[in-house]
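Shown next, in structure tokens, is the structure this report addresses.
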Amino acid sequence: MKILGIHDGHNAAACLIEDGHVLAAIQEERITRTKNENCFPHRSVQWVLKATGTDPGDLDFVAMHSKHMPPHRSRKRMLEEYAQSQSFAYQVKQLVKKTPANDYYRSRRRAERNAEIQKAGLPLGKAVYVDHHTAHAAATYFGSPWVNDSAEKVLVLTADGAGDDLCATVRIAENGRLGAPIAEIDDSHSLGSVYAKITFVLGMIPNEHEYKLMGMAPYAPDSGMMESYERFKNVLQFNGGSGLVWQRGPGVPHTYYSYNYFLKLIERHRFDWVAAGLQKFTEDHLCQWAQNAVRETGIHKVALGGGVFMNVKANKRIYELNEVEGLFVFPSCGDEMNAVGAAFQVYAEETAKKGRRGEFPPLGQVYWGPEPTDADVEKLADGLRAKGYTVERHDDLDDIIGDLLADGEVVARAGGGMEFGARSLGNRSILADPTSREVVRIINDMIKNRDFWMPFAPAMLAERSDEYVKNPKGMDASYMIMTFDTTDKVDDFPAGVQPYDRSARPQFVHKEHNPSFHRVISRFAERTGRAVVLNTSFNLHGFPIVCTAEDAVDVLERSGLENLAVANYMIRKTRSISGNVDSA
């Protein structure tokens, strides 16, 4: 059974699955080069079909994420909405949503989406619309390590800003079936919207820069953190009884239509205090919710999905709860995951109709995107050589990369299938020796321009990960979606940890997932004894992660990078070229 999954909103994406197995998936931003592209993903649809040799007529279903998707909007328009969210016009908009006019508006939007399906050359009669939080839940349950264990019940929690009028759900899944919600929380009480509004009030981009607040939080003194936390702690309150749902506290407006409220709430509080107080409030709230849900259901294996769980520090706190025996977080759990989740859910439902359960292979690697080839590089080679670059093909490129890293060089790597989601997992990464914090400055000056307080992350051999991070419950951390406390070997990778609390957001690199990247780190370990390298995303500041060989070369030419490994080629700048390139 072939199913095309589509997310046609913020960070649009498409994927193709066959009998529960992901064959290909990509985000539209990687093709258009517009970060977090908000659109119908026409290019992504065409790529996954072409990459898998699938004709639209071969599809059994087209799984559309979300029953209702608001109109596409630019970043500029989104920021305008945030600033005006408590204006009279938006108060009227809230009221209109409770009238029959809202039904008419949504039916018109459905017609517009149907037209996009047809424009993409897809069979409209095979389109199925999947509820937003059902798609989140389906991705994380059917992607979890427990899905094929018929004896294992899984507690599935979803939380995000909003989707199909909800911001969070609680479900029970077992025997390959995702249950209906046992608790739902209206989007007017959204924790995700609270975090996004504070991100905006602090002068950053909502739905994009929340991670910057999370990164700043550890720097605040406890006294300042608690002062801000006192302002946040009653914004959301759990209802009585089981505590599976929450609501806004007294006087708190709809959390999306709330700019003026939150502006006043944090007035004259230092930005680091605010970040820390908000982060503590978020962690405490999610931990209490998880504890309540485990207590109510008696289920101790927990799967998380939805953009709120991109908060890796909150995930760590949940993982550490005594009540939680095992935790799975979908590799990239923003709305991009719902292209996968919608397809998974339709497959599960259709197989159930036939009296059997769908079989979902272990999720494993998520290198579902395009792979650059030697031919792609060869098309560019003559032009690069004419500019003074060296362009050389190597059969042992992985060893050469490992040697360069051991010699203190920074290397950008674009090889193998591109990662799906927000994290670079070795195939579209900038790599370095993490023993000196000075490398952070070097990479920032070269290309990244990250905020001074933001940490980089380590990639380590999975078989040696216990040397570097404390992982008492043995969770696999292949996707950089969790943080851990570090061991006394933290001095082996100080540039790859949060400088203040010395936690790390690692990638455990398994040989069976990515033998090439595993070999790079293994070679580095042979030279240095350290089985861990610095890994940050390969992109110019403000742009998506690179996709093609052309993208990779473009970044090389526009930045201070000196070494690029792409396909089986190493491209290097001469010192004269490096001296003439301004850092991005």
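Chains: A, B, ... in order of the structure tokens. Residues: from 1 per chain. Ligands: from 1, in order shown.
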For this session: Per DSSP on the backbone, filter segment 23-195 of chain A down to the residues in alpha helix (DSSP H) and report them as a VMD selection string.
Result: chain A and resid 28 to 32 42 to 51 75 to 83 88 to 96 100 to 119 132 to 142 191 to 195
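Among the candidate residues A:Ile401, A:Val92, A:Met69, A:Arg33, the one lying nearest to Ser107 of chain A is A:Met69, with distances computed using only C-alpha atoms.
Relative to atom CA of Gly421 of chain A, atom CA of Lys280 of chain A is found at 26.0 Å.
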What are the nearest atom pairs, with distances in Å to one decimal, for all residues of segment 80-155 of chain A that come at most 8 Å from segment 362-374 of chain A, using only C-alpha atoms, set out by chain and rising residue number as JSON lines?
```
{"residue": "A:Gly143", "atom": "CA", "partner": "A:Leu363", "partner_atom": "CA", "distance": 5.4}
{"residue": "A:Ser144", "atom": "CA", "partner": "A:Leu363", "partner_atom": "CA", "distance": 7.2}
{"residue": "A:Pro145", "atom": "CA", "partner": "A:Pro362", "partner_atom": "CA", "distance": 6.4}
```
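Near Ala51 of chain A, within a cut-off of 12 Å and counting only C-alpha atoms, sit the residues A:Cys15, A:Leu16, A:Leu23, A:Ala24, A:Ala25, A:Ile26, A:Arg43, A:Ser44, A:Val45, A:Gln46, A:Trp47, A:Asp55, A:Trp368, A:Gly369, A:Pro370, A:Glu371, A:Gly417, with same-chain residues fewer than 4 positions away left out.
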Export, as a PDB file, in the first residue's frame, the selected residues with N, CA and C atoms.
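Final file, result28.pdb:
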```pdb
ATOM      1  N   CYS A  15       5.974  13.114   2.247  1.00  0.00           N
ATOM      2  CA  CYS A  15       6.665  11.838   2.399  1.00  0.00           C
ATOM      3  C   CYS A  15       5.880  10.764   1.655  1.00  0.00           C
ATOM      4  N   LEU A  16       6.554   9.671   1.347  1.00  0.00           N
ATOM      5  CA  LEU A  16       5.904   8.530   0.727  1.00  0.00           C
ATOM      6  C   LEU A  16       6.230   7.300   1.554  1.00  0.00           C
ATOM      7  N   LEU A  23       9.743   5.590   2.465  1.00  0.00           N
ATOM      8  CA  LEU A  23      10.641   5.470   1.324  1.00  0.00           C
ATOM      9  C   LEU A  23      11.389   6.771   1.044  1.00  0.00           C
ATOM     10  N   ALA A  24      10.717   7.893   1.243  1.00  0.00           N
ATOM     11  CA  ALA A  24      11.321   9.197   0.952  1.00  0.00           C
ATOM     12  C   ALA A  24      10.519  10.273   1.667  1.00  0.00           C
ATOM     13  N   ALA A  25      11.203  11.326   2.100  1.00  0.00           N
ATOM     14  CA  ALA A  25      10.537  12.461   2.736  1.00  0.00           C
ATOM     15  C   ALA A  25      11.443  13.673   2.662  1.00  0.00           C
ATOM     16  N   ILE A  26      10.840  14.840   2.512  1.00  0.00           N
ATOM     17  CA  ILE A  26      11.613  16.071   2.402  1.00  0.00           C
ATOM     18  C   ILE A  26      10.737  17.250   2.794  1.00  0.00           C
ATOM     19  N   ARG A  43       6.859  21.064  -4.757  1.00  0.00           N
ATOM     20  CA  ARG A  43       8.175  20.558  -5.139  1.00  0.00           C
ATOM     21  C   ARG A  43       8.523  19.295  -4.353  1.00  0.00           C
ATOM     22  N   SER A  44       8.165  19.272  -3.086  1.00  0.00           N
ATOM     23  CA  SER A  44       8.438  18.088  -2.268  1.00  0.00           C
ATOM     24  C   SER A  44       7.647  16.887  -2.771  1.00  0.00           C
ATOM     25  N   VAL A  45       6.392  17.121  -3.132  1.00  0.00           N
ATOM     26  CA  VAL A  45       5.564  16.043  -3.678  1.00  0.00           C
ATOM     27  C   VAL A  45       6.220  15.465  -4.927  1.00  0.00           C
ATOM     28  N   GLN A  46       6.632  16.359  -5.830  1.00  0.00           N
ATOM     29  CA  GLN A  46       7.232  15.881  -7.072  1.00  0.00           C
ATOM     30  C   GLN A  46       8.535  15.137  -6.812  1.00  0.00           C
ATOM     31  N   TRP A  47       9.315  15.609  -5.823  1.00  0.00           N
ATOM     32  CA  TRP A  47      10.588  14.933  -5.554  1.00  0.00           C
ATOM     33  C   TRP A  47      10.363  13.526  -5.005  1.00  0.00           C
ATOM     34  N   ASP A  55       4.239   6.768  -9.870  1.00  0.00           N
ATOM     35  CA  ASP A  55       3.282   7.567 -10.633  1.00  0.00           C
ATOM     36  C   ASP A  55       2.111   7.918  -9.721  1.00  0.00           C
ATOM     37  N   TRP A 368      16.052  10.450   4.646  1.00  0.00           N
ATOM     38  CA  TRP A 368      15.024  10.177   3.651  1.00  0.00           C
ATOM     39  C   TRP A 368      15.060  11.116   2.451  1.00  0.00           C
ATOM     40  N   GLY A 369      16.030  12.034   2.409  1.00  0.00           N
ATOM     41  CA  GLY A 369      16.052  13.041   1.357  1.00  0.00           C
ATOM     42  C   GLY A 369      17.049  12.754   0.254  1.00  0.00           C
ATOM     43  N   PRO A 370      17.292  13.741  -0.632  1.00  0.00           N
ATOM     44  CA  PRO A 370      18.177  13.554  -1.777  1.00  0.00           C
ATOM     45  C   PRO A 370      19.617  13.270  -1.362  1.00  0.00           C
ATOM     46  N   GLU A 371      20.331  12.564  -2.247  1.00  0.00           N
ATOM     47  CA  GLU A 371      21.743  12.240  -2.017  1.00  0.00           C
ATOM     48  C   GLU A 371      22.573  12.829  -3.146  1.00  0.00           C
ATOM     49  N   GLY A 417      21.972  10.379   1.990  1.00  0.00           N
ATOM     50  CA  GLY A 417      20.633  10.952   1.982  1.00  0.00           C
ATOM     51  C   GLY A 417      20.495  12.067   3.002  1.00  0.00           C
TER      52      GLY A 417
END
```
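Distances to Tyr468 of chain A were evaluated for A:Val411, A:Ala552, A:Ala504, A:Ala120 using only C-alpha atoms, and the minimum falls at A:Ala504.
Once Ala138 of chain A and its same-chain neighbours fewer than 6 positions away are set aside, Leu178, Gly341, Ala342, Phe344 and Gln345 of chain A remain within 8 Å of it when counting only C-alpha atoms.
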Exercise. What's the 12 Å shell around segment 514-525 of chain A, counting only C-alpha atoms, without same-chain residues fewer than 4 positions away, as JSON, numbers by chain?
Worked result: {"A": [364, 365, 366, 367, 395, 396, 397, 398, 399, 400, 401, 402, 403, 404, 405, 406, 407, 408, 409, 411, 413, 414, 415, 416, 417, 418, 419, 424, 425, 426, 427, 428, 429, 431, 432, 433, 434, 458, 459, 460, 461, 462, 463, 464, 478, 492, 507, 508, 509, 510, 529, 530, 531, 532, 533, 534, 535, 565, 567, 568]}
Write the residues you've just listed into a file as an mmCIF file, in the first residue's frame, and include C-alpha atoms for each of them.
```cif
data_model
loop_
_atom_site.group_PDB
_atom_site.id
_atom_site.type_symbol
_atom_site.label_atom_id
_atom_site.label_comp_id
_atom_site.auth_asym_id
_atom_site.auth_seq_id
_atom_site.Cartn_x
_atom_site.Cartn_y
_atom_site.Cartn_z
ATOM 1 C CA GLY A 364 15.958 3.606 12.428
ATOM 2 C CA GLN A 365 17.655 6.196 10.245
ATOM 3 C CA VAL A 366 15.808 9.250 8.928
ATOM 4 C CA TYR A 367 18.044 10.004 5.923
ATOM 5 C CA ASP A 395 37.712 6.337 -2.256
ATOM 6 C CA ASP A 396 38.577 6.733 1.442
ATOM 7 C CA LEU A 397 36.907 10.105 2.035
ATOM 8 C CA ASP A 398 35.562 9.144 5.464
ATOM 9 C CA ASP A 399 39.103 8.501 6.738
ATOM 10 C CA ILE A 400 40.317 11.761 5.210
ATOM 11 C CA ILE A 401 37.545 13.697 6.994
ATOM 12 C CA GLY A 402 38.424 11.998 10.283
ATOM 13 C CA ASP A 403 42.089 12.875 9.802
ATOM 14 C CA LEU A 404 41.310 16.528 9.040
ATOM 15 C CA LEU A 405 39.169 16.754 12.185
ATOM 16 C CA ALA A 406 41.957 15.195 14.245
ATOM 17 C CA ASP A 407 44.353 17.788 12.783
ATOM 18 C CA GLY A 408 42.104 20.604 14.022
ATOM 19 C CA GLU A 409 40.370 21.437 10.737
ATOM 20 C CA VAL A 411 34.944 20.172 7.674
ATOM 21 C CA ARG A 413 29.980 17.276 5.047
ATOM 22 C CA ALA A 414 27.236 16.821 2.433
ATOM 23 C CA GLY A 415 27.016 13.120 1.672
ATOM 24 C CA GLY A 416 24.372 10.428 1.702
ATOM 25 C CA GLY A 417 20.633 10.952 1.982
ATOM 26 C CA MET A 418 19.591 14.251 3.544
ATOM 27 C CA GLU A 419 18.173 14.154 7.057
ATOM 28 C CA SER A 424 21.633 17.728 11.056
ATOM 29 C CA LEU A 425 22.620 14.137 11.745
ATOM 30 C CA GLY A 426 25.980 13.930 10.011
ATOM 31 C CA ASN A 427 24.996 14.028 6.354
ATOM 32 C CA ARG A 428 24.456 17.792 6.155
ATOM 33 C CA SER A 429 26.713 18.851 9.008
ATOM 34 C CA LEU A 431 32.102 18.920 11.943
ATOM 35 C CA ALA A 432 35.024 19.786 14.199
ATOM 36 C CA ASP A 433 37.163 18.568 17.082
ATOM 37 C CA PRO A 434 35.186 19.574 20.206
ATOM 38 C CA PRO A 458 28.121 16.420 19.928
ATOM 39 C CA ALA A 459 27.845 13.350 17.713
ATOM 40 C CA MET A 460 29.321 10.218 19.288
ATOM 41 C CA LEU A 461 29.697 6.548 18.518
ATOM 42 C CA ALA A 462 26.598 4.867 19.966
ATOM 43 C CA GLU A 463 28.656 2.005 21.384
ATOM 44 C CA ARG A 464 30.742 4.455 23.422
ATOM 45 C CA SER A 478 19.939 8.949 17.631
ATOM 46 C CA ASP A 492 36.737 15.493 25.857
ATOM 47 C CA GLN A 507 23.511 12.153 18.475
ATOM 48 C CA PHE A 508 24.293 8.496 19.062
ATOM 49 C CA VAL A 509 25.708 7.354 15.719
ATOM 50 C CA HIS A 510 24.938 3.704 14.935
ATOM 51 C CA GLY A 529 41.105 8.309 21.482
ATOM 52 C CA ARG A 530 37.931 10.426 21.630
ATOM 53 C CA ALA A 531 34.811 8.953 19.986
ATOM 54 C CA VAL A 532 32.932 12.245 19.829
ATOM 55 C CA VAL A 533 32.949 15.163 17.366
ATOM 56 C CA LEU A 534 31.235 18.537 17.198
ATOM 57 C CA ASN A 535 28.211 18.480 14.873
ATOM 58 C CA ALA A 565 33.285 16.905 1.600
ATOM 59 C CA ALA A 567 29.653 12.877 -2.363
ATOM 60 C CA ASN A 568 33.131 11.287 -2.758
#
```
Problem set entry | Nearby residues (only C-alpha atoms) at most 10 Å from segment 377-383 of chain A, same-chain spacing under 3 positions excluded, as a PyMOL selection string | chain A and resi 372-374+386-393+548-550+553+566-571
For this session: Could you check how far atom CA of Gly176 of chain A sits from atom CA of Tyr319 of chain A, in Å to one decimal?
Result: 23.2 Å
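Distance-wise, atom CA of Glu562 of chain A and atom CA of Arg450 of chain A end up 18.8 Å apart.
Nearest-residue note for Tyr219 of chain A: choosing from A:Gly298, A:Pro123, A:Gly542, A:Gly277, the minimum distance belongs to A:Gly277, counting only C-alpha atoms.
Proximity to Val62 of chain A was assessed for A:Val130, A:Met454, A:Ile172, A:Ile182 counting only C-alpha atoms; the smallest distance is recorded for A:Val130.
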Problem set entry | Non-local contacts of Ala135 of chain A (12 Å; only C-alpha atoms; under 3 positions in same chain excluded) as a PyMOL selection string | chain A and resi 5-7+63-67+128-132+138-143+156-159+163-164+169+178+180+305-306+330+333-348
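Nearest-residue note for Pro206 of chain A: choosing from A:Ala495, A:Ile3, A:Leu561, A:Met78, the minimum distance belongs to A:Met78, counting only C-alpha atoms.
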Exercise. Hey, what does DSSP flag as strand (DSSP E) within segment 60-223 of chain A? Can you give it to me as a ChimeraX atom specification?
Worked result: /A:61-65,127-130,153-163,166-174,177-178,183-186
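The shortest atom-to-atom distance to Ser228 of chain A, with only C-alpha atoms taken into account, belongs to A:Glu267 out of A:Asp165, A:Glu208, A:Glu267, A:Asp186.
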